[in-house]
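Chemist: This is run-v8.cif (mmCIF, C-alpha atoms and all ligand atoms).
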data_structure
#
loop_
_atom_site.label_atom_id
_atom_site.label_comp_id
_atom_site.auth_asym_id
_atom_site.auth_seq_id
_atom_site.Cartn_x
_atom_site.Cartn_y
_atom_site.Cartn_z
CA MET G 1 113.73 103.23 78.96
CA SER G 2 112.28 106.03 81.05
CA ASN G 3 109.59 108.44 79.88
CA ASN G 4 109.41 110.05 83.32
CA LEU G 5 105.78 109.00 83.52
CA LEU G 6 105.88 109.28 87.32
CA ALA G 7 107.94 112.48 87.65
CA ASN G 8 107.09 114.36 90.87
CA LYS G 9 104.93 111.52 92.12
CA ARG G 10 105.12 109.98 95.60
CA GLY G 11 104.13 106.44 96.41
CA ILE G 12 104.23 103.47 98.78
CA ILE G 13 105.07 99.95 97.58
CA PHE G 14 104.03 97.02 99.79
CA GLY G 15 105.34 93.47 99.42
CA ALA G 16 108.86 93.46 97.95
CA LEU G 17 110.48 90.43 99.61
CA ASP G 18 113.23 89.42 97.16
CA GLU G 19 114.18 90.04 93.53
CA GLN G 20 111.46 87.63 92.37
CA SER G 21 108.65 89.57 94.08
CA ILE G 22 106.35 91.40 91.70
CA ALA G 23 106.56 94.43 94.02
CA TRP G 24 110.37 94.43 93.70
CA HIS G 25 110.02 95.01 89.94
CA VAL G 26 107.30 97.62 90.47
CA ALA G 27 109.54 99.53 92.89
CA GLU G 28 112.42 99.54 90.39
CA LYS G 29 110.19 100.66 87.50
CA CYS G 30 108.49 103.40 89.51
CA VAL G 31 111.82 104.90 90.53
CA SER G 32 113.19 104.63 86.99
CA GLN G 33 110.09 106.54 85.83
CA GLY G 34 110.90 109.41 88.18
CA ALA G 35 108.82 108.58 91.28
CA ARG G 36 109.98 108.83 94.88
CA ILE G 37 108.82 105.89 96.96
CA VAL G 38 108.70 104.37 100.43
CA LEU G 39 109.09 100.60 100.65
CA THR G 40 107.22 98.63 103.26
CA ASN G 41 106.82 95.04 104.37
CA ALA G 42 105.96 93.03 107.48
CA PRO G 43 108.60 93.35 110.24
CA VAL G 44 109.56 89.67 109.79
CA ALA G 45 110.27 90.26 106.08
CA LEU G 46 112.45 93.26 106.94
CA ARG G 47 114.64 91.04 109.10
CA MET G 48 115.41 88.80 106.11
CA GLY G 49 117.56 91.60 104.79
CA LYS G 50 117.06 91.53 101.01
CA ILE G 51 114.68 94.46 100.95
CA GLN G 52 117.33 96.59 102.71
CA GLU G 53 119.49 96.20 99.62
CA LEU G 54 116.64 97.40 97.36
CA SER G 55 115.96 100.26 99.73
CA SER G 56 119.51 101.59 99.59
CA ARG G 57 119.89 101.03 95.83
CA LEU G 58 116.67 102.95 95.07
CA ASN G 59 117.23 105.50 97.82
CA ALA G 60 113.78 104.52 99.08
CA PRO G 61 113.22 104.63 102.84
CA LEU G 62 112.01 101.38 104.40
CA ILE G 63 109.22 101.40 106.99
CA GLY G 64 108.02 98.19 108.60
CA ALA G 65 104.26 97.64 108.83
CA ASP G 66 102.11 94.61 109.42
CA ALA G 67 99.33 95.27 106.90
CA THR G 68 96.73 93.86 109.29
CA SER G 69 97.54 96.44 111.98
CA LEU G 70 95.71 99.78 111.74
CA GLU G 71 98.30 101.34 114.03
CA ASP G 72 101.16 100.23 111.75
CA LEU G 73 99.29 101.44 108.64
CA GLU G 74 98.58 104.86 110.15
CA ASN G 75 102.20 105.21 111.21
CA LEU G 76 103.35 104.17 107.73
CA LEU G 77 101.07 106.67 105.99
CA SER G 78 102.01 109.60 108.21
CA GLN G 79 105.74 108.86 108.14
CA SER G 80 105.68 108.43 104.35
CA MET G 81 103.96 111.78 103.82
CA GLU G 82 106.51 113.41 106.08
CA ILE G 83 109.53 111.80 104.38
CA LEU G 84 108.26 112.30 100.81
CA GLY G 85 107.07 115.83 101.53
CA GLY G 86 103.35 115.62 100.77
CA LYS G 87 100.31 113.47 100.06
CA LEU G 88 100.64 110.25 98.09
CA ASP G 89 99.96 109.79 94.39
CA PHE G 90 100.01 105.99 94.33
CA ILE G 91 100.02 102.85 96.48
CA LEU G 92 100.66 99.22 95.50
CA HIS G 93 99.17 96.46 97.70
CA SER G 94 101.14 93.32 96.80
CA ILE G 95 100.40 91.05 99.77
CA GLY G 96 99.19 87.49 100.00
CA MET G 97 99.56 84.67 102.52
CA SER G 98 97.58 81.59 103.51
CA LEU G 99 98.52 79.42 106.47
CA ASN G 100 96.18 76.74 105.11
CA VAL G 101 98.30 76.62 101.92
CA ARG G 102 101.53 76.76 103.89
CA LYS G 103 100.53 73.96 106.27
CA GLY G 104 99.09 71.74 103.54
CA LYS G 105 95.45 71.99 104.66
CA THR G 106 93.10 71.23 101.76
CA TYR G 107 90.03 73.29 100.79
CA THR G 108 87.70 70.65 102.26
CA ASP G 109 89.63 70.50 105.54
CA LEU G 110 90.37 74.16 106.30
CA ASN G 111 91.53 75.41 109.64
CA TYR G 112 89.16 78.35 110.28
CA GLU G 113 91.60 80.32 112.38
CA PHE G 114 94.04 80.15 109.49
CA LEU G 115 91.19 81.14 107.15
CA GLN G 116 90.54 84.32 109.15
CA LYS G 117 94.25 85.13 108.86
CA THR G 118 94.18 84.50 105.10
CA TYR G 119 91.31 86.97 104.72
CA ASP G 120 92.83 89.52 107.07
CA ILE G 121 96.31 89.49 105.47
CA SER G 122 95.35 88.97 101.83
CA ALA G 123 92.12 90.99 101.51
CA ILE G 124 90.93 92.97 104.54
CA SER G 125 94.35 94.64 104.79
CA PHE G 126 93.44 96.37 101.49
CA HIS G 127 90.33 97.82 103.15
CA LYS G 128 92.29 98.81 106.26
CA LEU G 129 94.89 100.55 104.12
CA MET G 130 92.32 102.51 102.11
CA GLN G 131 90.16 103.36 105.13
CA SER G 132 93.23 104.73 106.92
CA ALA G 133 94.35 106.68 103.83
CA LEU G 134 90.88 108.19 103.36
CA LYS G 135 90.48 109.17 107.02
CA MET G 136 93.97 110.69 107.09
CA ASP G 137 93.39 112.45 103.75
CA ALA G 138 96.67 110.87 102.60
CA MET G 139 95.97 110.67 98.85
CA GLU G 140 96.40 113.42 96.26
CA GLU G 141 93.46 114.08 93.92
CA TRP G 142 93.68 111.78 90.88
CA GLY G 143 95.86 109.39 92.87
CA SER G 144 95.89 105.68 91.99
CA ILE G 145 95.68 102.64 94.26
CA LEU G 146 96.34 99.10 92.99
CA ALA G 147 96.21 95.59 94.43
CA LEU G 148 97.48 92.43 92.77
CA THR G 149 95.09 89.53 92.36
CA TYR G 150 94.60 86.24 90.53
CA ILE G 151 91.92 84.75 88.25
CA ALA G 152 91.10 82.08 90.87
CA ALA G 153 88.67 84.76 92.11
CA GLN G 154 86.47 84.01 89.05
CA ARG G 155 87.33 80.44 88.02
CA VAL G 156 88.18 77.29 89.97
CA PHE G 157 91.87 76.43 90.37
CA PRO G 158 91.55 73.73 93.05
CA ASP G 159 95.01 74.03 94.59
CA TYR G 160 94.73 77.80 95.03
CA ASN G 161 92.68 76.85 98.09
CA ASP G 162 91.33 79.58 100.40
CA MET G 163 93.38 82.21 98.54
CA ALA G 164 90.69 82.04 95.82
CA ASP G 165 88.07 83.30 98.25
CA ALA G 166 90.50 85.91 99.61
CA LYS G 167 91.09 87.22 96.07
CA ALA G 168 87.33 87.41 95.40
CA LEU G 169 87.01 89.52 98.57
CA LEU G 170 90.04 91.64 97.63
CA GLU G 171 88.57 92.47 94.21
CA SER G 172 85.19 93.29 95.72
CA ILE G 173 86.84 95.61 98.26
CA GLY G 174 88.65 97.33 95.36
CA ARG G 175 85.35 97.98 93.56
CA SER G 176 83.40 99.06 96.64
CA PHE G 177 86.12 101.35 98.00
CA GLY G 178 86.72 102.67 94.48
CA TYR G 179 83.24 104.19 94.59
CA HIS G 180 83.86 105.99 97.88
CA PHE G 181 87.43 107.09 97.11
CA GLY G 182 86.39 108.26 93.65
CA THR G 183 83.38 110.23 94.84
CA GLN G 184 85.08 111.82 97.83
CA LYS G 185 88.65 112.37 96.61
CA LYS G 186 88.85 111.59 92.88
CA VAL G 187 91.19 108.69 93.68
CA ARG G 188 91.03 105.57 91.49
CA VAL G 189 91.19 102.00 92.78
CA ASN G 190 91.84 98.95 90.60
CA THR G 191 93.06 95.37 90.88
CA ILE G 192 95.47 93.78 88.40
CA SER G 193 94.96 90.06 87.80
CA GLN G 194 98.41 88.74 87.01
CA SER G 195 99.62 85.51 85.31
CA PRO G 196 101.23 82.82 87.48
CA THR G 197 104.67 84.18 88.40
CA MET G 198 107.62 82.37 89.99
CA THR G 199 107.80 84.06 93.40
CA THR G 200 107.81 82.95 97.04
CA ALA G 201 104.01 83.36 97.33
CA GLY G 202 103.36 81.78 93.91
CA SER G 203 105.53 78.73 94.29
CA GLY G 204 103.94 77.97 97.68
CA VAL G 205 100.88 76.71 95.78
CA LYS G 206 100.84 72.91 95.24
CA GLY G 207 101.81 71.85 91.69
CA PHE G 208 102.74 75.42 90.83
CA SER G 209 105.47 74.71 88.27
CA GLU G 210 103.26 72.32 86.25
CA PHE G 211 100.46 74.84 86.38
CA PHE G 212 102.82 77.63 85.34
CA GLY G 213 103.62 75.64 82.17
CA TYR G 214 99.93 74.97 81.50
CA ALA G 215 99.00 78.67 81.77
CA ASP G 216 101.97 79.58 79.59
CA LYS G 217 100.76 77.25 76.82
CA MET G 218 97.13 78.31 77.18
CA SER G 219 97.92 82.04 76.82
CA PRO G 220 98.45 83.27 73.23
CA LEU G 221 101.19 85.63 74.45
CA GLY G 222 102.51 83.27 77.13
CA ASN G 223 102.55 84.09 80.84
CA ALA G 224 103.12 87.74 81.64
CA PRO G 225 106.47 88.18 83.47
CA ALA G 226 106.75 90.25 86.66
CA GLU G 227 108.68 92.95 84.81
CA ASN G 228 105.77 93.49 82.41
CA CYS G 229 103.37 93.58 85.34
CA ALA G 230 105.51 96.35 86.76
CA ASN G 231 105.20 98.31 83.51
CA TYR G 232 101.43 97.92 83.67
CA CYS G 233 101.44 99.21 87.26
CA VAL G 234 103.46 102.25 86.14
CA ALA G 235 100.87 102.95 83.44
CA MET G 236 98.09 102.66 86.02
CA PHE G 237 99.89 105.03 88.41
CA SER G 238 100.52 107.55 85.63
CA ASP G 239 98.24 110.38 84.52
CA LEU G 240 97.52 108.48 81.28
CA THR G 241 94.92 106.29 83.03
CA ARG G 242 93.07 108.86 85.12
CA MET G 243 89.55 107.72 84.27
CA VAL G 244 90.08 103.99 84.89
CA THR G 245 88.66 102.91 88.23
CA MET G 246 86.85 100.05 90.01
CA GLN G 247 88.16 97.55 87.46
CA ASN G 248 89.72 94.14 87.68
CA LEU G 249 92.31 94.32 84.88
CA TYR G 250 93.72 91.13 83.42
CA HIS G 251 97.45 91.15 82.80
CA ASP G 252 97.81 87.56 81.68
CA GLY G 253 98.85 87.21 78.03
CA GLY G 254 95.22 86.49 77.08
CA PHE G 255 94.67 83.52 79.44
CA SER G 256 91.38 84.85 80.84
CA ALA G 257 89.72 84.96 77.40
CA MET G 258 90.70 81.43 76.33
CA GLY G 259 88.43 78.38 76.38
CA MET G 260 90.75 75.85 74.77
CA ASN G 261 94.12 76.20 73.12
CA PRO G 262 95.14 73.45 70.67
CA ALA G 263 98.73 73.90 71.90
CA ILE G 264 97.70 72.30 75.21
CA LEU G 265 96.57 69.14 73.43
CA ASN G 266 99.56 69.17 71.08
CA LEU G 267 97.18 69.44 68.10
CA ASN G 268 98.56 70.80 64.84
CA GLN G 269 96.88 74.01 63.76
N1 LIG G 301 103.09 84.82 92.02
C1 LIG G 301 101.96 84.62 91.38
O1 LIG G 301 101.78 83.63 90.66
C2 LIG G 301 100.88 85.66 91.49
C3 LIG G 301 99.87 85.71 90.50
C4 LIG G 301 98.84 86.64 90.63
C5 LIG G 301 98.82 87.50 91.73
N2 LIG G 301 99.82 87.42 92.67
C6 LIG G 301 99.75 88.31 93.83
O2 LIG G 301 100.83 89.21 93.81
C7 LIG G 301 101.03 89.70 95.14
C8 LIG G 301 102.52 89.62 95.46
O3 LIG G 301 102.95 88.29 95.54
P1 LIG G 301 104.32 87.75 94.89
O4 LIG G 301 103.94 86.66 93.95
O5 LIG G 301 105.15 88.88 94.42
O6 LIG G 301 105.00 87.01 96.14
P2 LIG G 301 105.91 87.52 97.37
O7 LIG G 301 105.94 86.35 98.30
O8 LIG G 301 107.19 88.03 96.85
O9 LIG G 301 105.07 88.72 98.00
C9 LIG G 301 104.09 88.55 99.02
C10 LIG G 301 104.39 89.62 100.05
O10 LIG G 301 103.38 89.69 101.07
C11 LIG G 301 104.07 90.14 102.23
N3 LIG G 301 103.25 89.95 103.42
C12 LIG G 301 102.78 88.79 103.94
N4 LIG G 301 102.13 89.02 105.08
C13 LIG G 301 102.18 90.37 105.30
C14 LIG G 301 101.68 91.23 106.32
N5 LIG G 301 100.98 90.76 107.36
N6 LIG G 301 101.91 92.55 106.22
C15 LIG G 301 102.61 93.07 105.18
N7 LIG G 301 103.10 92.30 104.17
C16 LIG G 301 102.88 90.97 104.24
C17 LIG G 301 105.30 89.24 102.22
O11 LIG G 301 106.30 89.65 103.13
C18 LIG G 301 105.72 89.36 100.77
O12 LIG G 301 106.59 90.47 100.56
C19 LIG G 301 100.15 88.84 96.05
O13 LIG G 301 98.94 89.53 96.30
C20 LIG G 301 99.89 87.63 95.19
O14 LIG G 301 98.72 86.93 95.56
C21 LIG G 301 100.84 86.53 92.57
#
Show this structure as structure tokens.

Modeler:
Amino acid sequence: MSNNLLANKRGIIFGALDEQSIAWHVAEKCVSQGARIVLTNAPVALRMGKIQELSSRLNAPLIGADATSLEDLENLLSQSMEILGGKLDFILHSIGMSLNVRKGKTYTDLNYEFLQKTYDISAISFHKLMQSALKMDAMEEWGSILALTYIAAQRVFPDYNDMADAKALLESIGRSFGYHFGTQKKVRVNTISQSPTMTTAGSGVKGFSEFFGYADKMSPLGNAPAENCANYCVAMFSDLTRMVTMQNLYHDGGFSAMGMNPAILNLNQ
């Protein structure tokens, strides 16, 4: 159902890789709520072809950008403003990657070159994006910027590895930049801490499917699906949430507030 919550709004969505990607759902929901968007992903992801299909279905131009490259980000921002016909109302950062996770390096045996890449791709890219947008005056007043994160930034989930530290940095960047963007341009910056979700990035984590089941049982509402996360993003991009900024917002079916759930232990209530 569309309420046209994003009518006349322009935005950029990072990180739609395939139909499982959280960003894929966000792109679909934003367009169905009346927004016009540009899709972007790393050049290697563009070559895989699936995002092209989303781009043509949503009539959303596709611009390649490595989120760690300032040059690519500046090109993306200026081209998007040109194509969409004005400054941006919203941006979704939906990017995460760890070579340590991919190559099976454990947290006590990290490769530090990989670690730098984890931070650069998964966290510092958020700073680079916002610094470029601020310098280029690319955001409309009362615009909204979001990044997706995970509760491993606050609590220990051993197999989440160096991504936990990257998420802690990402959330801190959201808060710190939120101050500057809010004061200078009345733009809000938040992070959404999402339930485990079956995606390429998610299922790269060791033991993910067992953990997915654990989180589902622990959460009174169950794990939050990607489609619901997309609805939450739409709400955060809309004018209904103008005064919410510098927050880490849990979208997790209640997981973050639980200590113990009898369902986990198969106890009768
Ligand atoms: N899946 C989960 O369980 C879960 C839970 C909470 C938060 N998140 C977060 O949601 C976000 C999206 O992940 P997802 O689960 O949809 O998986 P996904 O694999 O579909 O998305 C990750 C995206 O990051 C992109 N990317 C990687 N390196 C890049 C670079 N250098 N430049 C630009 N883009 C790059 C990939 O191409 C991909 O599109 C990530 O930040 C992830 O950490 C995921």

Chemist: Which of these, G:Asp89, G:Asp66, G:Asp159, G:Glu82, has the shortest distance to G:Thr106 once you count all atoms listed in the file?

Modeler: G:Asp159

Chemist: Let me make sure I understand: among G:Cys30, G:Leu70, G:Leu110, G:Ala164, which one has the smallest atom-to-atom distance to G:Gly96 if we use all atoms listed in the file?

Modeler: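 So, comparing all the options, the nearest one is G:Ala164.
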
Chemist: Against ligand LIG 301 (chain G), which residues of chain G fall within 6 Å? For each one I want the closest pair of atoms and the distance in Å (one decimal), counting only C-alpha atoms and all ligand atoms, rows by chain and increasing residue number, as JSON lines.

Modeler:
{"residue": "G:Gly15", "atom": "CA", "partner": "G:LIG301", "partner_atom": "O12", "distance": 3.4}
{"residue": "G:Ala16", "atom": "CA", "partner": "G:LIG301", "partner_atom": "O12", "distance": 4.6}
{"residue": "G:Leu17", "atom": "CA", "partner": "G:LIG301", "partner_atom": "O12", "distance": 4.0}
{"residue": "G:Ser21", "atom": "CA", "partner": "G:LIG301", "partner_atom": "O8", "distance": 3.5}
{"residue": "G:Ile22", "atom": "CA", "partner": "G:LIG301", "partner_atom": "O5", "distance": 3.9}
{"residue": "G:Ala23", "atom": "CA", "partner": "G:LIG301", "partner_atom": "O5", "distance": 5.7}
{"residue": "G:Asn41", "atom": "CA", "partner": "G:LIG301", "partner_atom": "N7", "distance": 4.6}
{"residue": "G:Ala42", "atom": "CA", "partner": "G:LIG301", "partner_atom": "C15", "distance": 4.1}
{"residue": "G:Ala45", "atom": "CA", "partner": "G:LIG301", "partner_atom": "O11", "distance": 5.0}
{"residue": "G:Asp66", "atom": "CA", "partner": "G:LIG301", "partner_atom": "N6", "distance": 3.8}
{"residue": "G:Ala67", "atom": "CA", "partner": "G:LIG301", "partner_atom": "N6", "distance": 3.8}
{"residue": "G:Thr68", "atom": "CA", "partner": "G:LIG301", "partner_atom": "N5", "distance": 5.6}
{"residue": "G:Ser94", "atom": "CA", "partner": "G:LIG301", "partner_atom": "C7", "distance": 4.0}
{"residue": "G:Ile95", "atom": "CA", "partner": "G:LIG301", "partner_atom": "O10", "distance": 3.5}
{"residue": "G:Gly96", "atom": "CA", "partner": "G:LIG301", "partner_atom": "O13", "distance": 4.2}
{"residue": "G:Met97", "atom": "CA", "partner": "G:LIG301", "partner_atom": "C12", "distance": 5.4}
{"residue": "G:Ile121", "atom": "CA", "partner": "G:LIG301", "partner_atom": "N5", "distance": 5.2}
{"residue": "G:Leu148", "atom": "CA", "partner": "G:LIG301", "partner_atom": "O2", "distance": 4.8}
{"residue": "G:Thr149", "atom": "CA", "partner": "G:LIG301", "partner_atom": "C5", "distance": 4.3}
{"residue": "G:Tyr150", "atom": "CA", "partner": "G:LIG301", "partner_atom": "C4", "distance": 4.3}
{"residue": "G:Ser193", "atom": "CA", "partner": "G:LIG301", "partner_atom": "C4", "distance": 5.9}
{"residue": "G:Gln194", "atom": "CA", "partner": "G:LIG301", "partner_atom": "C4", "distance": 4.2}
{"residue": "G:Ser195", "atom": "CA", "partner": "G:LIG301", "partner_atom": "C3", "distance": 5.2}
{"residue": "G:Pro196", "atom": "CA", "partner": "G:LIG301", "partner_atom": "O1", "distance": 3.3}
{"residue": "G:Thr197", "atom": "CA", "partner": "G:LIG301", "partner_atom": "O1", "distance": 3.7}
{"residue": "G:Met198", "atom": "CA", "partner": "G:LIG301", "partner_atom": "N1", "distance": 5.5}
{"residue": "G:Thr199", "atom": "CA", "partner": "G:LIG301", "partner_atom": "O4", "distance": 4.7}
{"residue": "G:Thr200", "atom": "CA", "partner": "G:LIG301", "partner_atom": "O7", "distance": 4.1}
{"residue": "G:Ala201", "atom": "CA", "partner": "G:LIG301", "partner_atom": "O7", "distance": 3.7}
{"residue": "G:Gly202", "atom": "CA", "partner": "G:LIG301", "partner_atom": "N1", "distance": 3.6}

Chemist: Go ahead and write the residues just picked, C-alpha atoms, as a PDB file, in the coordinates of the input.

Modeler:
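In the end it all went to again-v5.pdb:
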ATOM      1  CA  GLY G  15     105.340  93.470  99.420  1.00  0.00           C
ATOM      2  CA  ALA G  16     108.860  93.460  97.950  1.00  0.00           C
ATOM      3  CA  LEU G  17     110.480  90.430  99.610  1.00  0.00           C
ATOM      4  CA  SER G  21     108.650  89.570  94.080  1.00  0.00           C
ATOM      5  CA  ILE G  22     106.350  91.400  91.700  1.00  0.00           C
ATOM      6  CA  ALA G  23     106.560  94.430  94.020  1.00  0.00           C
ATOM      7  CA  ASN G  41     106.820  95.040 104.370  1.00  0.00           C
ATOM      8  CA  ALA G  42     105.960  93.030 107.480  1.00  0.00           C
ATOM      9  CA  ALA G  45     110.270  90.260 106.080  1.00  0.00           C
ATOM     10  CA  ASP G  66     102.110  94.610 109.420  1.00  0.00           C
ATOM     11  CA  ALA G  67      99.330  95.270 106.900  1.00  0.00           C
ATOM     12  CA  THR G  68      96.730  93.860 109.290  1.00  0.00           C
ATOM     13  CA  SER G  94     101.140  93.320  96.800  1.00  0.00           C
ATOM     14  CA  ILE G  95     100.400  91.050  99.770  1.00  0.00           C
ATOM     15  CA  GLY G  96      99.190  87.490 100.000  1.00  0.00           C
ATOM     16  CA  MET G  97      99.560  84.670 102.520  1.00  0.00           C
ATOM     17  CA  ILE G 121      96.310  89.490 105.470  1.00  0.00           C
ATOM     18  CA  LEU G 148      97.480  92.430  92.770  1.00  0.00           C
ATOM     19  CA  THR G 149      95.090  89.530  92.360  1.00  0.00           C
ATOM     20  CA  TYR G 150      94.600  86.240  90.530  1.00  0.00           C
ATOM     21  CA  SER G 193      94.960  90.060  87.800  1.00  0.00           C
ATOM     22  CA  GLN G 194      98.410  88.740  87.010  1.00  0.00           C
ATOM     23  CA  SER G 195      99.620  85.510  85.310  1.00  0.00           C
ATOM     24  CA  PRO G 196     101.230  82.820  87.480  1.00  0.00           C
ATOM     25  CA  THR G 197     104.670  84.180  88.400  1.00  0.00           C
ATOM     26  CA  MET G 198     107.620  82.370  89.990  1.00  0.00           C
ATOM     27  CA  THR G 199     107.800  84.060  93.400  1.00  0.00           C
ATOM     28  CA  THR G 200     107.810  82.950  97.040  1.00  0.00           C
ATOM     29  CA  ALA G 201     104.010  83.360  97.330  1.00  0.00           C
ATOM     30  CA  GLY G 202     103.360  81.780  93.910  1.00  0.00           C
TER      31      GLY G 202
END

Chemist: Taking into account all atoms listed in the file, which residue in the set G:Arg36, G:His251, G:Lys103, G:His127 is nearest to G:Gly204?

Modeler: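 When distances to G:Gly204 are compared using all atoms listed in the file, the smallest one comes from G:Lys103.
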
Chemist: Considering all atoms listed in the file, state which residue in the set G:Arg175, G:Lys87, G:Lys117, G:Lys29 is at the smallest distance from G:Leu99.

Modeler: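 Checking each of G:Arg175, G:Lys87, G:Lys117, G:Lys29 against G:Leu99, counting all atoms listed in the file, the winner is G:Lys117.
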
Chemist: Atom CA of G:Val205 and atom CA of G:Phe114 are how many Å apart?

Modeler: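 These atoms are spaced 15.7 Å apart.
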
Chemist: Which residue out of G:Val26, G:Phe212, G:Ala65, G:Ala168 has the minimum interatomic distance to G:Val44 when all atoms listed in the file are used?

Modeler: G:Ala65
